[in-house]
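The data block below is query25.cif; it holds mmCIF, C-alpha atoms.
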data_entry
#
loop_
_atom_site.label_atom_id
_atom_site.label_comp_id
_atom_site.auth_asym_id
_atom_site.auth_seq_id
_atom_site.Cartn_x
_atom_site.Cartn_y
_atom_site.Cartn_z
CA MET Z 1 15.33 17.33 -18.06
CA LEU Z 2 14.96 13.57 -18.23
CA ASP Z 3 16.36 13.74 -21.73
CA GLY Z 4 19.68 14.22 -20.02
CA TRP Z 5 19.46 10.74 -18.57
CA ASP Z 6 20.64 7.78 -20.53
CA ASP Z 7 18.75 4.50 -20.37
CA GLU Z 8 20.97 3.07 -17.66
CA GLN Z 9 20.44 6.08 -15.40
CA LEU Z 10 16.71 5.98 -15.96
CA LEU Z 11 16.61 2.25 -15.21
CA ALA Z 12 18.67 2.78 -12.06
CA ALA Z 13 16.25 5.51 -10.93
CA LEU Z 14 13.26 3.27 -11.66
CA GLY Z 15 14.85 0.44 -9.71
CA GLU Z 16 15.40 2.76 -6.78
CA ALA Z 17 11.77 3.94 -6.94
CA VAL Z 18 10.43 0.39 -7.01
CA ARG Z 19 12.68 -0.72 -4.14
CA ALA Z 20 11.69 2.30 -2.02
CA ARG Z 21 8.07 1.18 -2.30
CA GLN Z 22 8.90 -2.48 -1.66
CA ALA Z 23 10.79 -1.54 1.51
CA VAL Z 24 7.54 -0.37 3.10
CA PRO Z 25 5.74 -3.17 4.97
CA ASP Z 26 2.20 -3.86 3.76
CA SER Z 27 0.86 -3.41 7.28
CA PHE Z 28 2.29 0.11 7.36
CA VAL Z 29 0.43 1.02 4.17
CA ASP Z 30 -2.77 -0.74 5.27
CA THR Z 31 -2.79 1.16 8.57
CA GLY Z 32 -2.54 4.39 6.61
CA LYS Z 33 -5.41 3.41 4.35
CA SER Z 34 -7.65 2.35 7.21
CA ALA Z 35 -7.19 5.79 8.81
CA TYR Z 36 -9.73 7.08 6.27
CA ALA Z 37 -12.46 5.36 8.27
CA TRP Z 38 -12.10 8.31 10.65
CA HIS Z 39 -12.76 10.85 7.93
CA ASN Z 40 -15.67 13.10 8.82
CA ILE Z 41 -15.76 11.79 12.39
CA ASP Z 42 -15.94 14.77 14.61
CA ALA Z 43 -13.71 13.50 17.40
CA GLU Z 44 -10.57 14.99 18.82
CA LEU Z 45 -7.49 12.80 18.56
CA ALA Z 46 -5.73 11.82 21.78
CA GLN Z 47 -2.03 11.07 21.50
CA LEU Z 48 -0.19 8.41 23.40
CA THR Z 49 1.88 10.44 25.87
CA TYR Z 50 2.95 7.70 28.27
CA ASP Z 51 3.53 3.99 27.88
CA SER Z 52 5.13 2.17 30.80
CA GLN Z 53 6.60 -0.37 28.42
CA ARG Z 54 8.30 2.29 26.40
CA ASP Z 55 8.97 5.02 28.92
CA ARG Z 56 10.95 2.95 31.37
CA ARG Z 57 12.91 5.99 32.39
CA SER Z 58 9.82 7.48 33.96
CA ALA Z 59 9.38 4.39 36.11
CA THR Z 60 10.40 6.45 39.12
CA VAL Z 61 6.92 7.95 39.02
CA THR Z 62 5.23 6.57 42.10
CA ARG Z 63 2.73 3.94 41.14
CA SER Z 64 1.30 1.64 43.71
CA GLU Z 65 1.18 -1.25 41.23
CA THR Z 66 4.06 -3.50 40.43
CA ALA Z 67 6.30 -2.65 37.51
CA SER Z 68 4.89 -5.47 35.44
CA ILE Z 69 1.58 -3.69 35.05
CA ARG Z 70 1.28 -1.91 31.73
CA ALA Z 71 0.08 1.65 31.99
CA LEU Z 72 -0.78 4.00 29.14
CA THR Z 73 -1.88 7.61 28.98
CA PHE Z 74 -3.58 9.28 26.05
CA THR Z 75 -3.82 13.04 26.06
CA SER Z 76 -5.92 15.46 24.03
CA ALA Z 77 -6.54 19.15 24.47
CA HIS Z 78 -9.61 18.54 26.62
CA LEU Z 79 -8.98 15.35 28.53
CA SER Z 80 -6.64 12.49 29.29
CA LEU Z 81 -7.35 8.79 29.38
CA GLU Z 82 -5.31 6.76 31.83
CA LEU Z 83 -5.27 3.03 31.23
CA GLU Z 84 -3.90 0.14 33.23
CA VAL Z 85 -3.80 -3.52 32.32
CA THR Z 86 -4.71 -5.70 35.27
CA GLY Z 87 -4.91 -9.36 34.44
CA SER Z 88 -7.37 -9.92 31.64
CA SER Z 89 -9.07 -6.56 31.94
CA LEU Z 90 -8.24 -2.98 31.21
CA LEU Z 91 -9.11 -0.35 33.81
CA GLY Z 92 -9.25 3.28 32.90
CA GLN Z 93 -10.04 6.72 34.13
CA ILE Z 94 -10.86 9.97 32.42
CA ILE Z 95 -9.04 13.04 33.73
CA PRO Z 96 -10.56 15.47 34.63
CA LEU Z 97 -13.12 13.16 36.23
CA ARG Z 98 -16.45 13.02 34.44
CA SER Z 99 -19.00 10.52 33.31
CA GLY Z 100 -19.84 9.44 29.80
CA THR Z 101 -19.64 6.47 27.49
CA LEU Z 102 -16.70 4.67 26.07
CA GLU Z 103 -16.65 2.88 22.74
CA ILE Z 104 -14.15 0.13 22.06
CA GLN Z 105 -13.53 -0.14 18.33
CA THR Z 106 -11.57 -2.88 16.63
CA ARG Z 107 -9.88 -2.77 13.23
CA ALA Z 108 -12.48 -5.19 11.97
CA GLY Z 109 -15.05 -2.49 12.63
CA ALA Z 110 -16.74 -4.05 15.67
CA THR Z 111 -17.80 -1.59 18.34
CA THR Z 112 -18.76 -2.27 21.95
CA THR Z 113 -19.82 0.31 24.49
CA THR Z 114 -19.15 0.55 28.18
CA PRO Z 115 -20.27 3.21 30.68
CA VAL Z 116 -17.93 5.66 32.37
CA ASP Z 117 -18.99 6.37 35.98
CA GLU Z 118 -19.17 9.76 37.76
CA ILE Z 119 -15.55 9.58 38.82
CA GLY Z 120 -14.44 8.88 35.26
CA CYS Z 121 -13.73 5.17 35.75
CA PHE Z 122 -14.42 2.37 33.31
CA ALA Z 123 -13.44 -1.25 32.79
CA ILE Z 124 -12.90 -3.18 29.58
CA ASP Z 125 -13.12 -6.91 30.05
CA PRO Z 126 -11.87 -8.88 28.26
CA ILE Z 127 -9.13 -6.89 26.53
CA PRO Z 128 -9.60 -7.13 22.76
CA ASP Z 129 -7.27 -9.59 21.04
CA GLY Z 130 -6.17 -7.36 18.22
CA PRO Z 131 -5.56 -3.63 17.87
CA PHE Z 132 -8.34 -1.43 19.18
CA ARG Z 133 -9.01 2.20 19.89
CA LEU Z 134 -11.16 4.00 22.37
CA ARG Z 135 -13.62 6.76 21.70
CA CYS Z 136 -14.80 8.59 24.72
CA ARG Z 137 -17.87 10.79 24.77
CA THR Z 138 -18.41 12.63 28.00
CA ALA Z 139 -21.57 14.16 29.42
CA ASP Z 140 -20.34 17.63 28.47
CA ASP Z 141 -20.04 16.64 24.79
CA THR Z 142 -16.30 16.19 24.63
CA ASP Z 143 -15.57 13.56 21.98
CA VAL Z 144 -12.08 12.07 22.03
CA LEU Z 145 -10.54 9.27 20.02
CA THR Z 146 -7.28 7.48 20.88
CA GLY Z 147 -4.77 6.02 18.45
CA TRP Z 148 -4.69 2.26 17.99
CA ILE Z 149 -3.73 0.23 21.03
CA THR Z 150 -2.29 -3.29 21.03
CA LEU Z 151 -1.82 -4.98 24.38
CA MET N 1 6.86 19.36 -7.79
CA ARG N 2 5.37 21.19 -4.86
CA ASP N 3 2.80 22.37 -7.37
CA ASP N 4 1.99 18.92 -8.65
CA PRO N 5 -1.66 19.32 -9.70
CA SER N 6 -2.36 15.63 -9.14
CA VAL N 7 -1.59 15.95 -5.42
CA VAL N 8 -3.94 18.92 -5.09
CA ALA N 9 -6.67 16.98 -6.90
CA LEU N 10 -6.16 13.90 -4.74
CA VAL N 11 -6.31 15.94 -1.53
CA ALA N 12 -9.48 17.68 -2.71
CA ARG N 13 -11.14 14.37 -3.61
CA ALA N 14 -10.09 12.74 -0.34
CA ALA N 15 -11.38 15.75 1.59
CA GLY N 16 -14.74 15.07 0.01
CA ASP N 17 -15.62 11.43 0.25
CA ASP N 18 -13.33 9.39 -1.95
CA PRO N 19 -11.53 6.43 -0.35
CA GLY N 20 -9.83 5.71 -3.69
CA ALA N 21 -8.14 9.11 -3.66
CA TRP N 22 -7.09 8.59 -0.05
CA ASN N 23 -5.61 5.17 -0.85
CA GLU N 24 -3.69 6.70 -3.71
CA LEU N 25 -2.28 9.36 -1.40
CA VAL N 26 -1.22 6.71 1.11
CA ASP N 27 0.32 4.50 -1.59
CA ARG N 28 2.16 7.46 -2.93
CA TYR N 29 3.52 8.87 0.32
CA ALA N 30 3.81 5.90 2.68
CA PRO N 31 7.39 5.44 1.46
CA LEU N 32 8.18 9.01 2.55
CA VAL N 33 6.76 8.50 6.04
CA TRP N 34 8.51 5.15 6.29
CA ALA N 35 11.86 6.53 5.08
CA ILE N 36 11.80 9.24 7.74
CA CYS N 37 11.00 6.70 10.47
CA THR N 38 13.98 4.71 9.19
CA ARG N 39 16.18 7.78 9.44
CA TYR N 40 15.24 8.03 13.10
CA GLU N 41 16.12 4.33 13.50
CA LEU N 42 12.69 3.53 14.92
CA SER N 43 11.69 -0.07 15.51
CA SER N 44 9.02 -1.34 13.13
CA HIS N 45 6.54 -1.21 16.00
CA ASP N 46 7.32 2.44 16.72
CA SER N 47 7.24 3.19 13.00
CA GLU N 48 3.74 1.73 12.77
CA ASP N 49 2.66 3.95 15.66
CA VAL N 50 4.14 7.03 14.06
CA GLY N 51 2.66 6.19 10.67
CA GLN N 52 -0.76 5.69 12.17
CA THR N 53 -0.65 8.99 14.02
CA VAL N 54 0.53 10.84 10.93
CA TRP N 55 -2.25 9.47 8.71
CA LEU N 56 -4.88 10.07 11.35
CA LEU N 57 -3.70 13.65 11.69
CA LEU N 58 -3.86 14.01 7.92
CA VAL N 59 -7.40 12.65 7.85
CA GLU N 60 -8.29 15.38 10.34
CA GLN N 61 -6.52 18.04 8.30
CA LEU N 62 -7.71 17.06 4.81
CA GLY N 63 -10.15 19.89 4.39
CA LYS N 64 -7.99 22.38 6.26
CA LEU N 65 -4.60 22.11 4.58
CA ARG N 66 -3.72 25.64 3.58
CA GLU N 67 -1.49 24.45 0.78
CA PRO N 68 -2.46 20.99 -0.45
CA ALA N 69 0.37 21.05 -2.99
CA ALA N 70 2.83 21.15 -0.10
CA LEU N 71 1.47 17.89 1.31
CA PRO N 72 4.83 16.07 1.10
CA GLY N 73 6.38 18.81 3.26
CA TRP N 74 3.49 18.63 5.72
CA LEU N 75 3.82 14.84 5.95
CA ALA N 76 7.58 15.04 6.42
CA THR N 77 7.31 17.67 9.17
CA THR N 78 4.54 15.80 10.96
CA THR N 79 6.41 12.49 10.71
CA LYS N 80 9.57 14.12 12.01
CA ARG N 81 7.70 15.57 14.99
CA GLU N 82 6.14 12.20 15.83
CA CYS N 83 9.50 10.45 15.45
CA LEU N 84 11.07 12.97 17.83
CA ARG N 85 8.34 12.28 20.33
CA VAL N 86 9.16 8.57 20.22
CA VAL N 87 12.91 9.15 20.28
CA MET N 88 12.64 11.46 23.28
CA ALA N 89 10.47 8.98 25.16
CA SER N 90 12.60 5.92 24.46
CA HIS N 91 15.75 4.85 26.21
CA ARG N 92 17.69 6.57 23.54
CA SER N 93 16.88 9.77 25.35
CA ASP N 94 19.58 8.65 27.80
CA ARG N 95 22.14 9.79 25.35
CA LEU N 96 20.16 12.73 24.10
CA THR N 97 20.44 15.26 26.86
CA SER N 98 18.33 17.97 25.31
CA LEU N 99 15.75 18.63 22.66
CA ASP N 100 18.48 20.33 20.64
CA ASP N 101 20.39 17.08 20.47
CA ALA N 102 17.27 15.28 19.39
CA LEU N 103 16.58 17.85 16.70
CA GLN N 104 20.06 17.40 15.35
CA PHE N 105 19.70 13.64 15.35
CA VAL N 106 18.40 13.93 11.81
CA ASP N 107 19.38 17.03 9.93
CA ASP N 108 16.67 19.05 8.17
CA ALA N 109 18.64 18.75 4.94
CA VAL N 110 18.24 14.97 5.18
CA ILE N 111 14.48 15.35 5.56
CA ASP N 112 14.38 17.73 2.58
CA GLU N 113 16.26 15.22 0.51
CA GLU N 114 13.83 12.48 1.53
CA ILE N 115 10.96 14.68 0.33
CA LEU N 116 12.60 15.19 -3.05
CA MET N 117 13.46 11.52 -3.40
CA ALA N 118 9.92 10.52 -2.42
CA GLU N 119 8.48 12.85 -5.04
CA ARG N 120 10.81 11.60 -7.71
CA ASN N 121 10.19 7.96 -6.84
CA ALA N 122 6.42 8.48 -6.74
CA GLY N 123 6.57 10.13 -10.18
CA LEU N 124 8.65 7.29 -11.59
CA ARG N 125 6.32 4.65 -10.15
CA ALA N 126 3.29 6.48 -11.52
CA ALA N 127 4.93 6.68 -14.96
CA LEU N 128 5.70 2.95 -14.83
CA ALA N 129 2.09 2.17 -13.95
CA GLU N 130 0.90 4.15 -16.97
CA LEU N 131 2.96 2.15 -19.46
CA PRO N 132 1.15 -0.25 -21.80
CA PRO N 133 0.99 -3.81 -20.37
CA ARG N 134 3.79 -5.21 -22.57
CA CYS N 135 6.18 -2.47 -21.52
CA ARG N 136 5.16 -2.82 -17.91
CA GLN N 137 5.89 -6.55 -17.96
CA LEU N 138 9.26 -6.03 -19.56
CA MET N 139 10.18 -3.27 -17.12
CA SER N 140 9.14 -5.27 -14.11
CA MET N 141 11.35 -8.16 -15.24
CA LEU N 142 14.28 -5.83 -15.87
CA LEU N 143 13.80 -4.07 -12.53
CA ARG N 144 13.78 -7.25 -10.50
CA ASP N 145 16.69 -7.65 -8.15
CA PRO N 146 18.67 -9.30 -9.66
CA PRO N 147 17.19 -8.51 -13.10
CA CYS N 148 15.81 -11.38 -15.15
CA SER N 149 18.09 -12.68 -17.86
CA TYR N 150 17.25 -11.97 -21.50
CA SER N 151 16.61 -15.69 -22.07
CA GLU N 152 14.13 -15.70 -19.20
CA ILE N 153 12.44 -12.56 -20.56
CA SER N 154 12.37 -14.05 -24.04
CA ALA N 155 10.68 -17.22 -22.75
CA THR N 156 8.17 -15.43 -20.51
CA LEU N 157 7.16 -12.61 -22.85
CA GLN N 158 7.50 -14.66 -26.04
CA ILE N 159 9.78 -12.23 -27.78
CA ALA N 160 13.00 -12.91 -29.66
CA MET N 161 16.17 -12.27 -27.66
CA GLY N 162 17.27 -9.79 -30.32
CA SER N 163 14.15 -7.63 -29.87
CA ILE N 164 14.51 -7.21 -26.13
CA GLY N 165 17.15 -4.48 -26.39
CA PRO N 166 15.16 -2.36 -28.89
CA GLN N 167 11.90 -2.89 -26.93
CA ARG N 168 13.61 -1.90 -23.72
CA ALA N 169 14.82 1.30 -25.41
CA ARG N 170 11.34 2.04 -26.79
CA CYS N 171 9.69 1.50 -23.42
CA LEU N 172 12.18 3.74 -21.65
CA GLU N 173 11.69 6.43 -24.28
CA ARG N 174 7.94 6.18 -23.86
CA LEU N 175 8.39 6.52 -20.12
CA ARG N 176 10.67 9.50 -20.54
CA ARG N 177 8.03 11.24 -22.65
CA SER N 178 5.14 10.44 -20.33
CA ASP N 179 3.17 13.37 -18.96
CA THR N 180 3.87 12.23 -15.43
CA LEU N 181 7.61 12.48 -15.84
CA THR N 182 7.67 15.59 -17.96
CA ALA N 183 5.53 17.22 -15.26
CA LEU N 184 8.24 16.61 -12.70
CA GLY N 185 10.33 19.69 -12.09
CA ALA N 186 13.83 19.71 -13.49
CA ASP N 187 15.46 20.85 -10.25
CA GLU N 188 15.15 17.68 -8.26
CA PHE N 189 16.60 15.64 -11.06
CA GLU N 190 19.80 17.52 -10.65
CA ILE N 191 20.37 16.07 -7.24
CA ASN N 192 21.62 12.62 -6.66
CA THR N 193 21.40 11.33 -10.22
CA PRO N 194 21.48 7.56 -10.04
CA GLY N 195 24.44 5.96 -11.69
CA GLY N 196 26.61 8.92 -10.76
CA GLY N 197 26.23 10.65 -14.11
CA PRO N 198 25.22 14.27 -14.63
CA GLY N 199 21.58 15.20 -14.19
CA ALA N 200 19.47 17.40 -16.40
#
Starting from the file, lay out its structure as structure tokens.
Amino acid sequence: MLDGWDDEQLLAALGEAVRARQAVPDSFVDTGKSAYAWHNIDAELAQLTYDSQRDRRSATVTRSETASIRALTFTSAHLSLELEVTGSSLLGQIIPLRSGTLEIQTRAGATTTTPVDEIGCFAIDPIPDGPFRLRCRTADDTDVLTGWITL
Amino acid sequence: MRDDPSVVALVARAAGDDPGAWNELVDRYAPLVWAICTRYELSSHDSEDVGQTVWLLLVEQLGKLREPAALPGWLATTTKRECLRVVMASHRSDRLTSLDDALQFVDDAVIDEEILMAERNAGLRAALAELPPRCRQLMSMLLRDPPCSYSEISATLQIAMGSIGPQRARCLERLRRSDTLTALGADEFEINTPGGGPGA
């Protein structure tokens, strides 16, 4: 097996292995490690399915707001979260419409809570500085967690 | 390598409550996830998003993986799927007219090769980490890019220039005999032998 490799080949392979690890940004690894904080949390993950900044092609979708407004949609099996940045605040709505509570969680571990009204609307003001994620618990016990959001 | 017992043990420990095991898994396989994102030519921002989703999905799946030993394959497939999602949603989709095109953007054989390389590299890094401190220091100086000169090594490690060659050979031999490397399957060492020489 490795006996077939001479020292130079082994050194070259080691160099390649070390460089492959060095090529990965620390933040990429740290994000992966911090994901463990969600171990044993019984929430459903919502995926980012629309981001106005990224999905410019879909800009033809009729939106009453101007194009400069950032809009995001997170979708899970049971509900969607639609978010829109308006000035310093973030407005959102749960689809299908239902009430509940919304937690705003930052990477540093801070959590704030805001109510979701009967038509599924909520407001986050101010928008957190750093990356954050939303965990939405509705009256009918649906528990959904978004990926990290940076605005 | 798919049967690497250390991966199975790490997954089992992480599925319990062991952040150390989880960190080890991430350290070990982040390069695989990253390499696949690179293959899809994602921006670093998109790569971070994909990486985050992949690890979060893994956290959810820890106790449910049917075949923990096949974790590298699971990670590669999940990363590929998330990359495709990003690729399809980005402007690049202008030149990708169908999902078929997107799927062909990166060939499955390329992904398979990334899995093998990631496994080999992880094994080599683990073997390096297990070396005694003196060997590890010497190796790290030799593996720097560009490598340190023998005079620099001699000054830093306080060894005679003439002993560096023999020590280097002893350290490499030790590495070659390490359990971590002997546990690696022979097959993957037949592909892509560095230096262009024959493999096993």
message: the PyMOL selection byres ((chain Z and resi 91) around 9) - which residues does that actually catch in the file I just gave you? List them as a ChimeraX atom specification.
response: /Z:82-86,89-90,92-93,121-125
*From N:Val86, N:Ile36, N:Leu25, N:Ala15, residue lying nearest Lys64 in chain N [only C-alpha atoms]*: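 The answer is N:Ala15, which sits nearest to Lys64 in chain N.
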Residue by residue, what does the PyMOL selection byres ((chain Z and resi 110) around 12) grab here? Present the result as a PDB file with C-alpha atoms, keeping the file's coordinate frame.
ATOM      1  CA  GLU Z 103     -16.650   2.880  22.740  1.00  0.00           C
ATOM      2  CA  ILE Z 104     -14.150   0.130  22.060  1.00  0.00           C
ATOM      3  CA  GLN Z 105     -13.530  -0.140  18.330  1.00  0.00           C
ATOM      4  CA  THR Z 106     -11.570  -2.880  16.630  1.00  0.00           C
ATOM      5  CA  ARG Z 107      -9.880  -2.770  13.230  1.00  0.00           C
ATOM      6  CA  ALA Z 108     -12.480  -5.190  11.970  1.00  0.00           C
ATOM      7  CA  GLY Z 109     -15.050  -2.490  12.630  1.00  0.00           C
ATOM      8  CA  THR Z 111     -17.800  -1.590  18.340  1.00  0.00           C
ATOM      9  CA  THR Z 112     -18.760  -2.270  21.950  1.00  0.00           C
ATOM     10  CA  THR Z 113     -19.820   0.310  24.490  1.00  0.00           C
ATOM     11  CA  PRO Z 128      -9.600  -7.130  22.760  1.00  0.00           C
ATOM     12  CA  GLY Z 130      -6.170  -7.360  18.220  1.00  0.00           C
ATOM     13  CA  PRO Z 131      -5.560  -3.630  17.870  1.00  0.00           C
ATOM     14  CA  PHE Z 132      -8.340  -1.430  19.180  1.00  0.00           C
ATOM     15  CA  ARG Z 133      -9.010   2.200  19.890  1.00  0.00           C
ATOM     16  CA  LEU Z 134     -11.160   4.000  22.370  1.00  0.00           C
TER      17      LEU Z 134
END
Item to complete: Within 12 Å of Trp74 in chain N, counting all atoms listed in the file, which residues show up once you throw out same-chain ones fewer than 5 positions away? Write them as a list in words, please.
Response: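 These residues fall inside the cut-off: Arg2, Tyr29, Leu32, Val33, Val54, Trp55, Leu57, Leu58, Gln61, Leu62, Leu65, Arg66, Glu67, Pro68, Ala69, Thr79, Lys80, Arg81, Ile111, Asp112 and Ile115 of chain N.
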Problem set entry | Result set of the PyMOL selection byres ((chain Z and resi 118) around 6) on the coordinates above, as number ranges by chain | Z: 98-99, 117, 119-120
TODO: Place a sphere of radius 7 Å on (-22.4, 4.1, 28.8) in the file coordinates and name every protein, DNA or RNA residue with an atom inside or on its surface, counting all atoms listed in the file; give the answer as a list in words.
DONE: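 I get Gly100, Thr101, Leu102, Thr113, Thr114, Pro115 and Val116 of chain Z for the residues within 7 Å of that point.
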Go ahead and write the residues just picked, C-alpha atoms, as a PDB file, in the coordinates of the input.
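That gives us part17.pdb:
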ATOM      1  CA  GLY Z 100     -19.840   9.440  29.800  1.00  0.00           C
ATOM      2  CA  THR Z 101     -19.640   6.470  27.490  1.00  0.00           C
ATOM      3  CA  LEU Z 102     -16.700   4.670  26.070  1.00  0.00           C
ATOM      4  CA  THR Z 113     -19.820   0.310  24.490  1.00  0.00           C
ATOM      5  CA  THR Z 114     -19.150   0.550  28.180  1.00  0.00           C
ATOM      6  CA  PRO Z 115     -20.270   3.210  30.680  1.00  0.00           C
ATOM      7  CA  VAL Z 116     -17.930   5.660  32.370  1.00  0.00           C
TER       8      VAL Z 116
END
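Take the candidates Z:Leu72, Z:Leu79, Z:Ile149, Z:Pro126 and check each one against chain N using all atoms listed in the file; the shortest distance goes to Z:Ile149.
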Between CA of Ala155 in chain N and CA of Asp7 in chain Z lies a distance of 23.3 Å
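Counting all atoms listed in the file, range 140-148 of chain Z has the following residues at most 8 Å away, ignoring those fewer than 3 positions along the same chain: Z:Asp42, Z:Ala43, Z:Glu44, Z:Leu45, Z:Ala46, Z:Gln47, Z:Leu48, Z:Phe74, Z:Ser76, Z:His78, Z:Leu79, Z:Pro131, Z:Phe132, Z:Arg133, Z:Leu134, Z:Arg135, Z:Cys136, Z:Arg137, N:Asp49, N:Gln52, N:Thr53.
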Could you dump the residues just selected with C-alpha atoms as a compact mmCIF listing (two decimals), in the frame of the given file?
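Output contents, as saved in part08.txt:
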# COMPACT_ATOMS: atom_id res chain seq x y z
CA ASP Z 42 -15.94 14.77 14.61
CA ALA Z 43 -13.71 13.50 17.40
CA GLU Z 44 -10.57 14.99 18.82
CA LEU Z 45 -7.49 12.80 18.56
CA ALA Z 46 -5.73 11.82 21.78
CA GLN Z 47 -2.03 11.07 21.50
CA LEU Z 48 -0.19 8.41 23.40
CA PHE Z 74 -3.58 9.28 26.05
CA SER Z 76 -5.92 15.46 24.03
CA HIS Z 78 -9.61 18.54 26.62
CA LEU Z 79 -8.98 15.35 28.53
CA PRO Z 131 -5.56 -3.63 17.87
CA PHE Z 132 -8.34 -1.43 19.18
CA ARG Z 133 -9.01 2.20 19.89
CA LEU Z 134 -11.16 4.00 22.37
CA ARG Z 135 -13.62 6.76 21.70
CA CYS Z 136 -14.80 8.59 24.72
CA ARG Z 137 -17.87 10.79 24.77
CA ASP N 49 2.66 3.95 15.66
CA GLN N 52 -0.76 5.69 12.17
CA THR N 53 -0.65 8.99 14.02
Test item: residues at most 12 Å from Cys171 in chain N, all atoms listed in the file, excluding those fewer than 2 positions along its chain, as an mmCIF file with C-alpha atoms, in the coordinates of the input:
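To be explicit, this is the file written out as selection-v4.cif:
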data_model
loop_
_atom_site.group_PDB
_atom_site.id
_atom_site.type_symbol
_atom_site.label_atom_id
_atom_site.label_comp_id
_atom_site.auth_asym_id
_atom_site.auth_seq_id
_atom_site.Cartn_x
_atom_site.Cartn_y
_atom_site.Cartn_z
ATOM 1 C CA ASP Z 7 18.750 4.500 -20.370
ATOM 2 C CA LEU Z 10 16.710 5.980 -15.960
ATOM 3 C CA LEU Z 11 16.610 2.250 -15.210
ATOM 4 C CA ALA N 127 4.930 6.680 -14.960
ATOM 5 C CA LEU N 128 5.700 2.950 -14.830
ATOM 6 C CA GLU N 130 0.900 4.150 -16.970
ATOM 7 C CA LEU N 131 2.960 2.150 -19.460
ATOM 8 C CA PRO N 132 1.150 -0.250 -21.800
ATOM 9 C CA PRO N 133 0.990 -3.810 -20.370
ATOM 10 C CA ARG N 134 3.790 -5.210 -22.570
ATOM 11 C CA CYS N 135 6.180 -2.470 -21.520
ATOM 12 C CA ARG N 136 5.160 -2.820 -17.910
ATOM 13 C CA GLN N 137 5.890 -6.550 -17.960
ATOM 14 C CA LEU N 138 9.260 -6.030 -19.560
ATOM 15 C CA MET N 139 10.180 -3.270 -17.120
ATOM 16 C CA SER N 140 9.140 -5.270 -14.110
ATOM 17 C CA LEU N 142 14.280 -5.830 -15.870
ATOM 18 C CA ILE N 164 14.510 -7.210 -26.130
ATOM 19 C CA GLY N 165 17.150 -4.480 -26.390
ATOM 20 C CA PRO N 166 15.160 -2.360 -28.890
ATOM 21 C CA GLN N 167 11.900 -2.890 -26.930
ATOM 22 C CA ARG N 168 13.610 -1.900 -23.720
ATOM 23 C CA ALA N 169 14.820 1.300 -25.410
ATOM 24 C CA GLU N 173 11.690 6.430 -24.280
ATOM 25 C CA ARG N 174 7.940 6.180 -23.860
ATOM 26 C CA LEU N 175 8.390 6.520 -20.120
ATOM 27 C CA ARG N 176 10.670 9.500 -20.540
ATOM 28 C CA ARG N 177 8.030 11.240 -22.650
ATOM 29 C CA SER N 178 5.140 10.440 -20.330
#
re CA of Ser80 in chain Z and CA of Trp34 in chain N: distance 28.5 Å
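Here CA of Gly63 in chain N is placed at a distance of 27.7 Å from CA of Asp179 in chain N.
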- Message: Would you pick out the contacts of range 17-22 of chain Z at 9 Å or less, using all atoms listed in the file, so that residues sharing its chain but fewer than 5 positions from it are not included, and give the list as a PyMOL selection string?
- Response: (chain Z and resi 12) or (chain N and resi 27-28+30-32+35+117-118+120-125+143+145)
Could those residues be written to a file, using C-alpha atoms, as a PDB file, keeping the file's coordinate frame?
ATOM      1  CA  ALA Z  12      18.670   2.780 -12.060  1.00  0.00           C
TER       2      ALA Z  12
ATOM      3  CA  ASP N  27       0.320   4.500  -1.590  1.00  0.00           C
ATOM      4  CA  ARG N  28       2.160   7.460  -2.930  1.00  0.00           C
ATOM      5  CA  ALA N  30       3.810   5.900   2.680  1.00  0.00           C
ATOM      6  CA  PRO N  31       7.390   5.440   1.460  1.00  0.00           C
ATOM      7  CA  LEU N  32       8.180   9.010   2.550  1.00  0.00           C
ATOM      8  CA  ALA N  35      11.860   6.530   5.080  1.00  0.00           C
ATOM      9  CA  MET N 117      13.460  11.520  -3.400  1.00  0.00           C
ATOM     10  CA  ALA N 118       9.920  10.520  -2.420  1.00  0.00           C
ATOM     11  CA  ARG N 120      10.810  11.600  -7.710  1.00  0.00           C
ATOM     12  CA  ASN N 121      10.190   7.960  -6.840  1.00  0.00           C
ATOM     13  CA  ALA N 122       6.420   8.480  -6.740  1.00  0.00           C
ATOM     14  CA  GLY N 123       6.570  10.130 -10.180  1.00  0.00           C
ATOM     15  CA  LEU N 124       8.650   7.290 -11.590  1.00  0.00           C
ATOM     16  CA  ARG N 125       6.320   4.650 -10.150  1.00  0.00           C
ATOM     17  CA  LEU N 143      13.800  -4.070 -12.530  1.00  0.00           C
ATOM     18  CA  ASP N 145      16.690  -7.650  -8.150  1.00  0.00           C
TER      19      ASP N 145
END
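Of the listed residues N:Leu42, N:Leu56, N:Ala76, N:Val8, the one whose atoms come nearest to His39 in chain Z is N:Leu56, with distances taken using only C-alpha atoms.
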